Amino acid sequence: LTNIRAAEMSATPRWMAPSLLCAAASGCFIGLSSLQRRDWCAQLILSTTVVYGLLFGLLKMFGTVPPGVPAPDWRERKLSTLNALILIVGSCLCFSEWALYEGSEGWISRGVSFWPVLFASLFVGYLQWDVLWMLWHSYRAIDELAHHLIFIAITHYVLWGRYFARPFAWLAFTELSTPFLNERWFLQSSGQRAGKAYNTYSLLFALTFLFTRVGGYGLGLVDLWLSRELWRPAHWGLHVVIGLLHVGYGLNLLWASKVVRAAQRAVKGQHSQ
């Protein structure tokens with residue numbers, strides 16, 4: 001019986017498990033998106049997920065992958081950088097909208113906020129695609145997968161309830177560190193870790209990570225609690241969202257220790273050069 005089971009397992013195509021996981025996740029994402037109260041919001045979320053899949057396909061067909069660099073990871077990082085640049089621009093537009101918020105509008109919206117809804121839809125659409133990429137490629141970074149799933153749940157809920165337009169500005173701004181992280185990875189994967197450029201990008205990544213994902217995120221949580229009287233009347237689900245935001249910050253603090261060590265190595269490398 002053991003030999004029969006082993007033979008059956010070996011005969012199962014390697015793509016079977018990832019494809020089933022992706023199919024299940026896709027069904028969940030479609031279901032979540034269909035719950036949105038604004039049809040254009042649901043359509044934008046799902047369209048964004050599809051567009052990133054198409055862009056990945058175009059990179060596979062026409063992109064030039066540097067020698068020695070894992071091709072699927074290279075394409076995923078390129079799209080990660082694109083998403084980060086979109087969100088950085090979106091963050092600035094969201095901050096500019098703060099002056100329009102009166103009373104609890106930044107926390108429980110009555111329809112004034114526009115930019116946070118637009119860019120949050122683009123953001124969660126990207127996250128959905130990235131989770132599908134992780135599942136298809138059997139990506140084993142559980143902390144990153146958990147981070148994505150947490151923010152997919154958060155974003156779908158706040159879009160559904162029209163909550164937290166104000167916090168989205170500083171949450172989107174945390175993507176400032178992502179392009180530097182990806183450039184660092186490109187250099188490392190192509191065997192250029194010993195160069196000055198690698199140390200520079202490592203230092204820039206560390207500084208922007210600590211500035212936005214530790215400092216900025218932390219100040220955002222302080223602002224959230226100082227304004228608790230404005231969001232306290234919301235549905236109990238928003239309190240779950242707040243708990244998940246703190247879990248996300250805990251992940252950032254966990255990663256921050258690794259980031260600091262990488263920055264220290266980068267500074268030492270700059271001095272030695």
# chains A, B, ... in the order shown; residues from 1 in each chain; ligands from 1
>>> select_by_dssp(residues="region 37-185 of chain A", states="alpha helix (DSSP H)", output="CSV table (one decimal) with N, CA and C atoms, in the first residue's frame")
chain,number,residue,atom,x,y,z
A,39,ASP,N,-20.0,49.3,-7.3
A,39,ASP,CA,-19.7,48.3,-8.4
A,39,ASP,C,-18.4,48.7,-9.1
A,40,TRP,N,-18.1,50.0,-9.2
A,40,TRP,CA,-16.9,50.4,-9.9
A,40,TRP,C,-15.7,50.0,-9.1
A,41,CYS,N,-15.8,50.0,-7.7
A,41,CYS,CA,-14.7,49.6,-6.8
A,41,CYS,C,-14.4,48.1,-7.0
A,42,ALA,N,-15.4,47.3,-7.0
A,42,ALA,CA,-15.2,45.8,-7.2
A,42,ALA,C,-14.6,45.5,-8.6
A,43,GLN,N,-15.1,46.2,-9.6
A,43,GLN,CA,-14.5,46.0,-10.9
A,43,GLN,C,-13.1,46.4,-11.0
A,44,LEU,N,-12.7,47.6,-10.3
A,44,LEU,CA,-11.4,48.0,-10.4
A,44,LEU,C,-10.4,47.1,-9.6
A,45,ILE,N,-10.9,46.5,-8.5
A,45,ILE,CA,-10.1,45.6,-7.8
A,45,ILE,C,-9.7,44.3,-8.6
A,46,LEU,N,-10.8,43.7,-9.2
A,46,LEU,CA,-10.6,42.5,-10.0
A,46,LEU,C,-9.8,42.8,-11.3
A,47,SER,N,-10.1,44.0,-11.9
A,47,SER,CA,-9.4,44.3,-13.1
A,47,SER,C,-7.9,44.5,-12.8
A,48,THR,N,-7.6,45.1,-11.7
A,48,THR,CA,-6.2,45.3,-11.3
A,48,THR,C,-5.4,44.0,-11.2
A,49,THR,N,-6.1,43.0,-10.5
A,49,THR,CA,-5.5,41.7,-10.4
A,49,THR,C,-5.2,41.1,-11.7
A,50,VAL,N,-6.2,41.2,-12.6
A,50,VAL,CA,-6.0,40.6,-14.0
A,50,VAL,C,-4.9,41.3,-14.7
A,51,VAL,N,-4.9,42.7,-14.6
A,51,VAL,CA,-3.9,43.5,-15.4
A,51,VAL,C,-2.5,43.1,-14.9
A,52,TYR,N,-2.3,42.9,-13.6
A,52,TYR,CA,-0.9,42.5,-13.1
A,52,TYR,C,-0.6,41.1,-13.7
A,53,GLY,N,-1.5,40.2,-13.8
A,53,GLY,CA,-1.3,38.9,-14.4
A,53,GLY,C,-0.9,39.1,-15.9
A,54,LEU,N,-1.5,40.0,-16.6
A,54,LEU,CA,-1.2,40.2,-18.0
A,54,LEU,C,0.2,40.8,-18.1
A,55,LEU,N,0.5,41.8,-17.2
A,55,LEU,CA,1.8,42.4,-17.2
A,55,LEU,C,2.9,41.4,-17.0
A,56,PHE,N,2.7,40.5,-16.0
A,56,PHE,CA,3.6,39.4,-15.8
A,56,PHE,C,3.9,38.6,-17.0
A,57,GLY,N,2.8,38.3,-17.7
A,57,GLY,CA,2.9,37.5,-19.0
A,57,GLY,C,3.7,38.3,-20.0
A,58,LEU,N,3.5,39.6,-20.1
A,58,LEU,CA,4.3,40.4,-21.1
A,58,LEU,C,5.8,40.4,-20.7
A,59,LEU,N,6.0,40.5,-19.4
A,59,LEU,CA,7.4,40.5,-19.0
A,59,LEU,C,8.1,39.1,-19.3
A,60,LYS,N,7.3,38.1,-19.2
A,60,LYS,CA,7.8,36.7,-19.5
A,60,LYS,C,8.1,36.6,-21.0
A,61,MET,N,7.3,37.3,-21.8
A,61,MET,CA,7.5,37.2,-23.3
A,61,MET,C,8.6,38.1,-23.8
A,62,PHE,N,8.7,39.3,-23.2
A,62,PHE,CA,9.5,40.3,-23.8
A,62,PHE,C,10.6,40.8,-22.8
A,71,ALA,N,14.0,34.0,-13.0
A,71,ALA,CA,13.1,34.8,-13.9
A,71,ALA,C,11.8,35.1,-13.2
A,72,PRO,N,11.1,34.1,-12.6
A,72,PRO,CA,9.8,34.5,-12.0
A,72,PRO,C,9.9,35.6,-10.9
A,73,ASP,N,11.0,35.5,-10.1
A,73,ASP,CA,11.2,36.4,-9.0
A,73,ASP,C,11.5,37.8,-9.6
A,74,TRP,N,12.3,37.8,-10.7
A,74,TRP,CA,12.6,39.1,-11.3
A,74,TRP,C,11.4,39.8,-11.8
A,75,ARG,N,10.5,39.1,-12.4
A,75,ARG,CA,9.3,39.7,-13.0
A,75,ARG,C,8.4,40.1,-11.8
A,76,GLU,N,8.3,39.3,-10.8
A,76,GLU,CA,7.4,39.7,-9.6
A,76,GLU,C,8.0,41.0,-9.0
A,77,ARG,N,9.3,41.1,-8.8
A,77,ARG,CA,9.9,42.3,-8.2
A,77,ARG,C,9.7,43.5,-9.1
A,78,LYS,N,9.7,43.4,-10.4
A,78,LYS,CA,9.4,44.5,-11.3
A,78,LYS,C,8.0,45.1,-11.1
A,79,LEU,N,7.1,44.1,-10.9
A,79,LEU,CA,5.7,44.6,-10.7
A,79,LEU,C,5.5,45.1,-9.3
A,80,SER,N,6.3,44.6,-8.4
A,80,SER,CA,6.2,45.1,-7.0
A,80,SER,C,6.7,46.5,-7.0
A,81,THR,N,7.7,46.9,-7.7
A,81,THR,CA,8.2,48.2,-7.8
A,81,THR,C,7.1,49.1,-8.5
A,82,LEU,N,6.5,48.6,-9.5
A,82,LEU,CA,5.4,49.4,-10.2
A,82,LEU,C,4.3,49.7,-9.2
A,83,ASN,N,3.9,48.7,-8.4
A,83,ASN,CA,2.8,49.0,-7.4
A,83,ASN,C,3.3,50.0,-6.4
A,84,ALA,N,4.5,49.9,-6.0
A,84,ALA,CA,5.0,50.8,-5.0
A,84,ALA,C,5.0,52.3,-5.5
A,85,LEU,N,5.5,52.5,-6.7
A,85,LEU,CA,5.5,53.8,-7.3
A,85,LEU,C,4.1,54.4,-7.4
A,86,ILE,N,3.1,53.5,-7.8
A,86,ILE,CA,1.7,54.0,-7.9
A,86,ILE,C,1.2,54.4,-6.5
A,87,LEU,N,1.5,53.6,-5.5
A,87,LEU,CA,1.1,54.0,-4.1
A,87,LEU,C,1.8,55.2,-3.5
A,88,ILE,N,3.0,55.4,-3.9
A,88,ILE,CA,3.7,56.6,-3.4
A,88,ILE,C,3.0,57.8,-3.9
A,89,VAL,N,2.7,57.9,-5.2
A,89,VAL,CA,1.9,59.0,-5.8
A,89,VAL,C,0.6,59.1,-5.1
A,90,GLY,N,-0.1,57.9,-4.9
A,90,GLY,CA,-1.4,57.9,-4.3
A,90,GLY,C,-1.4,58.4,-2.9
A,91,SER,N,-0.3,58.1,-2.2
A,91,SER,CA,-0.2,58.6,-0.8
A,91,SER,C,-0.1,60.1,-0.7
A,92,CYS,N,0.6,60.7,-1.6
A,92,CYS,CA,0.7,62.2,-1.7
A,92,CYS,C,-0.7,62.8,-1.9
A,93,LEU,N,-1.5,62.2,-2.9
A,93,LEU,CA,-2.8,62.7,-3.2
A,93,LEU,C,-3.7,62.5,-2.0
A,94,CYS,N,-3.6,61.4,-1.3
A,94,CYS,CA,-4.4,61.1,-0.1
A,94,CYS,C,-4.1,62.1,1.0
A,95,PHE,N,-2.9,62.4,1.2
A,95,PHE,CA,-2.5,63.4,2.2
A,95,PHE,C,-3.1,64.8,1.8
A,96,SER,N,-3.1,65.1,0.5
A,96,SER,CA,-3.7,66.4,0.1
A,96,SER,C,-5.2,66.5,0.4
A,115,TRP,N,-9.5,59.8,-3.4
A,115,TRP,CA,-8.2,59.2,-3.6
A,115,TRP,C,-7.9,57.9,-2.8
A,116,PRO,N,-8.3,57.9,-1.5
A,116,PRO,CA,-8.1,56.6,-0.8
A,116,PRO,C,-8.8,55.4,-1.3
A,117,VAL,N,-10.0,55.7,-1.8
A,117,VAL,CA,-10.8,54.6,-2.4
A,117,VAL,C,-10.2,54.1,-3.7
A,118,LEU,N,-9.8,55.0,-4.5
A,118,LEU,CA,-9.1,54.6,-5.8
A,118,LEU,C,-7.9,53.8,-5.6
A,119,PHE,N,-7.0,54.4,-4.7
A,119,PHE,CA,-5.7,53.7,-4.6
A,119,PHE,C,-5.7,52.5,-3.7
A,120,ALA,N,-6.7,52.5,-2.8
A,120,ALA,CA,-6.8,51.2,-2.0
A,120,ALA,C,-7.3,50.1,-2.8
A,121,SER,N,-8.2,50.4,-3.8
A,121,SER,CA,-8.7,49.4,-4.8
A,121,SER,C,-7.5,48.9,-5.6
A,122,LEU,N,-6.6,49.8,-6.1
A,122,LEU,CA,-5.5,49.3,-6.9
A,122,LEU,C,-4.5,48.5,-6.0
A,123,PHE,N,-4.4,48.9,-4.7
A,123,PHE,CA,-3.5,48.2,-3.8
A,123,PHE,C,-3.9,46.8,-3.5
A,124,VAL,N,-5.2,46.6,-3.2
A,124,VAL,CA,-5.7,45.3,-2.9
A,124,VAL,C,-5.7,44.4,-4.1
A,125,GLY,N,-6.0,45.0,-5.3
A,125,GLY,CA,-5.9,44.2,-6.5
A,125,GLY,C,-4.5,43.7,-6.8
A,126,TYR,N,-3.5,44.5,-6.5
A,126,TYR,CA,-2.1,44.0,-6.6
A,126,TYR,C,-1.8,42.9,-5.6
A,127,LEU,N,-2.2,43.1,-4.4
A,127,LEU,CA,-2.0,42.1,-3.3
A,127,LEU,C,-2.6,40.8,-3.7
A,128,GLN,N,-3.8,40.8,-4.3
A,128,GLN,CA,-4.4,39.6,-4.7
A,128,GLN,C,-3.6,38.8,-5.7
A,129,TRP,N,-3.1,39.6,-6.7
A,129,TRP,CA,-2.3,39.0,-7.7
A,129,TRP,C,-1.0,38.4,-7.1
A,130,ASP,N,-0.4,39.1,-6.2
A,130,ASP,CA,0.9,38.7,-5.6
A,130,ASP,C,0.7,37.4,-4.8
A,131,VAL,N,-0.4,37.3,-4.1
A,131,VAL,CA,-0.7,36.1,-3.3
A,131,VAL,C,-0.9,34.9,-4.3
A,132,LEU,N,-1.6,35.1,-5.4
A,132,LEU,CA,-1.7,34.1,-6.4
A,132,LEU,C,-0.3,33.7,-7.0
A,133,TRP,N,0.6,34.7,-7.2
A,133,TRP,CA,1.9,34.4,-7.6
A,133,TRP,C,2.7,33.5,-6.6
A,134,MET,N,2.5,33.9,-5.3
A,134,MET,CA,3.2,33.1,-4.2
A,134,MET,C,2.7,31.7,-4.2
A,135,LEU,N,1.4,31.5,-4.3
A,135,LEU,CA,0.8,30.2,-4.3
A,135,LEU,C,1.2,29.3,-5.5
A,136,TRP,N,1.2,29.9,-6.6
A,136,TRP,CA,1.6,29.2,-7.9
A,136,TRP,C,3.1,28.8,-7.8
A,142,ILE,N,6.4,32.6,4.7
A,142,ILE,CA,5.1,32.6,5.4
A,142,ILE,C,4.8,34.0,6.0
A,143,ASP,N,5.8,34.7,6.5
A,143,ASP,CA,5.6,36.1,7.0
A,143,ASP,C,5.1,37.0,6.0
A,144,GLU,N,5.6,37.0,4.7
A,144,GLU,CA,5.1,37.8,3.7
A,144,GLU,C,3.7,37.5,3.2
A,145,LEU,N,3.5,36.2,3.2
A,145,LEU,CA,2.1,35.7,2.8
A,145,LEU,C,1.1,36.2,3.9
A,146,ALA,N,1.5,36.0,5.1
A,146,ALA,CA,0.6,36.5,6.2
A,146,ALA,C,0.3,38.0,6.1
A,147,HIS,N,1.4,38.8,5.8
A,147,HIS,CA,1.3,40.2,5.7
A,147,HIS,C,0.3,40.6,4.6
A,148,HIS,N,0.4,39.9,3.4
A,148,HIS,CA,-0.5,40.2,2.3
A,148,HIS,C,-1.9,39.8,2.7
A,149,LEU,N,-2.1,38.7,3.3
A,149,LEU,CA,-3.5,38.3,3.6
A,149,LEU,C,-4.1,39.2,4.6
A,150,ILE,N,-3.3,39.7,5.6
A,150,ILE,CA,-3.9,40.6,6.6
A,150,ILE,C,-4.3,41.9,5.9
A,151,PHE,N,-3.5,42.4,5.0
A,151,PHE,CA,-3.9,43.7,4.4
A,151,PHE,C,-4.9,43.5,3.3
A,152,ILE,N,-5.1,42.3,2.7
A,152,ILE,CA,-6.2,42.1,1.8
A,152,ILE,C,-7.5,42.1,2.6
A,153,ALA,N,-7.5,41.5,3.8
A,153,ALA,CA,-8.7,41.5,4.6
A,153,ALA,C,-9.0,42.9,5.1
A,154,ILE,N,-8.0,43.6,5.6
A,154,ILE,CA,-8.2,45.0,6.0
A,154,ILE,C,-8.8,45.9,4.9
A,155,THR,N,-8.2,45.8,3.8
A,155,THR,CA,-8.5,46.8,2.7
A,155,THR,C,-9.9,46.5,2.2
A,156,HIS,N,-10.2,45.2,2.0
A,156,HIS,CA,-11.6,44.9,1.5
A,156,HIS,C,-12.6,45.4,2.5
A,157,TYR,N,-12.3,45.2,3.8
A,157,TYR,CA,-13.3,45.6,4.8
A,157,TYR,C,-13.5,47.2,4.9
A,158,VAL,N,-12.4,47.9,4.9
A,158,VAL,CA,-12.5,49.4,5.0
A,158,VAL,C,-13.1,49.9,3.7
A,159,LEU,N,-12.9,49.3,2.5
A,159,LEU,CA,-13.5,49.8,1.3
A,159,LEU,C,-15.0,49.5,1.4
A,160,TRP,N,-15.4,48.3,1.9
A,160,TRP,CA,-16.8,48.0,2.1
A,160,TRP,C,-17.5,49.0,3.0
A,161,GLY,N,-16.9,49.3,4.1
A,161,GLY,CA,-17.5,50.1,5.1
A,161,GLY,C,-17.2,51.6,5.0
A,165,ALA,N,-10.2,56.5,5.6
A,165,ALA,CA,-9.6,57.2,4.5
A,165,ALA,C,-8.3,57.9,5.0
A,166,ARG,N,-8.3,58.4,6.2
A,166,ARG,CA,-7.1,59.1,6.7
A,166,ARG,C,-5.9,58.2,6.9
A,167,PRO,N,-6.1,57.1,7.6
A,167,PRO,CA,-4.9,56.2,7.8
A,167,PRO,C,-4.3,55.7,6.5
A,168,PHE,N,-5.1,55.5,5.4
A,168,PHE,CA,-4.6,55.0,4.2
A,168,PHE,C,-3.4,55.8,3.6
A,169,ALA,N,-3.4,57.1,3.9
A,169,ALA,CA,-2.4,57.9,3.4
A,169,ALA,C,-1.0,57.5,3.9
A,170,TRP,N,-0.9,57.3,5.2
A,170,TRP,CA,0.4,56.9,5.7
A,170,TRP,C,0.7,55.4,5.5
A,171,LEU,N,-0.3,54.6,5.4
A,171,LEU,CA,-0.1,53.2,5.1
A,171,LEU,C,0.5,53.0,3.7
A,172,ALA,N,-0.1,53.8,2.7
A,172,ALA,CA,0.4,53.7,1.4
A,172,ALA,C,1.9,54.3,1.3
A,173,PHE,N,2.2,55.3,2.1
A,173,PHE,CA,3.5,55.9,2.1
A,173,PHE,C,4.6,54.9,2.5
A,178,THR,N,10.0,50.0,-0.8
A,178,THR,CA,10.0,48.8,-1.7
A,178,THR,C,10.9,48.9,-2.9
A,179,PRO,N,11.0,50.1,-3.6
A,179,PRO,CA,11.9,50.1,-4.8
A,179,PRO,C,13.3,49.9,-4.4
A,180,PHE,N,13.8,50.4,-3.3
A,180,PHE,CA,15.1,50.2,-2.8
A,180,PHE,C,15.4,48.7,-2.5
A,181,LEU,N,14.4,48.1,-1.8
A,181,LEU,CA,14.5,46.7,-1.5
A,181,LEU,C,14.7,45.9,-2.8
A,182,ASN,N,13.9,46.2,-3.8
A,182,ASN,CA,13.9,45.4,-5.0
A,182,ASN,C,15.2,45.6,-5.8
A,183,GLU,N,15.7,46.9,-5.8
A,183,GLU,CA,17.0,47.1,-6.5
A,183,GLU,C,18.1,46.4,-5.8
A,184,ARG,N,18.1,46.4,-4.5
A,184,ARG,CA,19.1,45.6,-3.7
A,184,ARG,C,19.0,44.1,-4.1
A,185,TRP,N,17.8,43.6,-4.2
A,185,TRP,CA,17.7,42.2,-4.6
A,185,TRP,C,18.2,41.9,-6.0
>>> residues_around(residues="region 222-237 of chain A", least_positions_apart="3", cutoff="9 Å", atoms="only C-alpha atoms", output="count of residues only")
17
>>> atom_distance(atom1="CA of Met16 (chain A)", atom2="CA of Leu32 (chain A)")
24.4 Å
>>> atom_distance(atom1="CA of Phe209 (chain A)", atom2="CA of Ser113 (chain A)")
27.3 Å
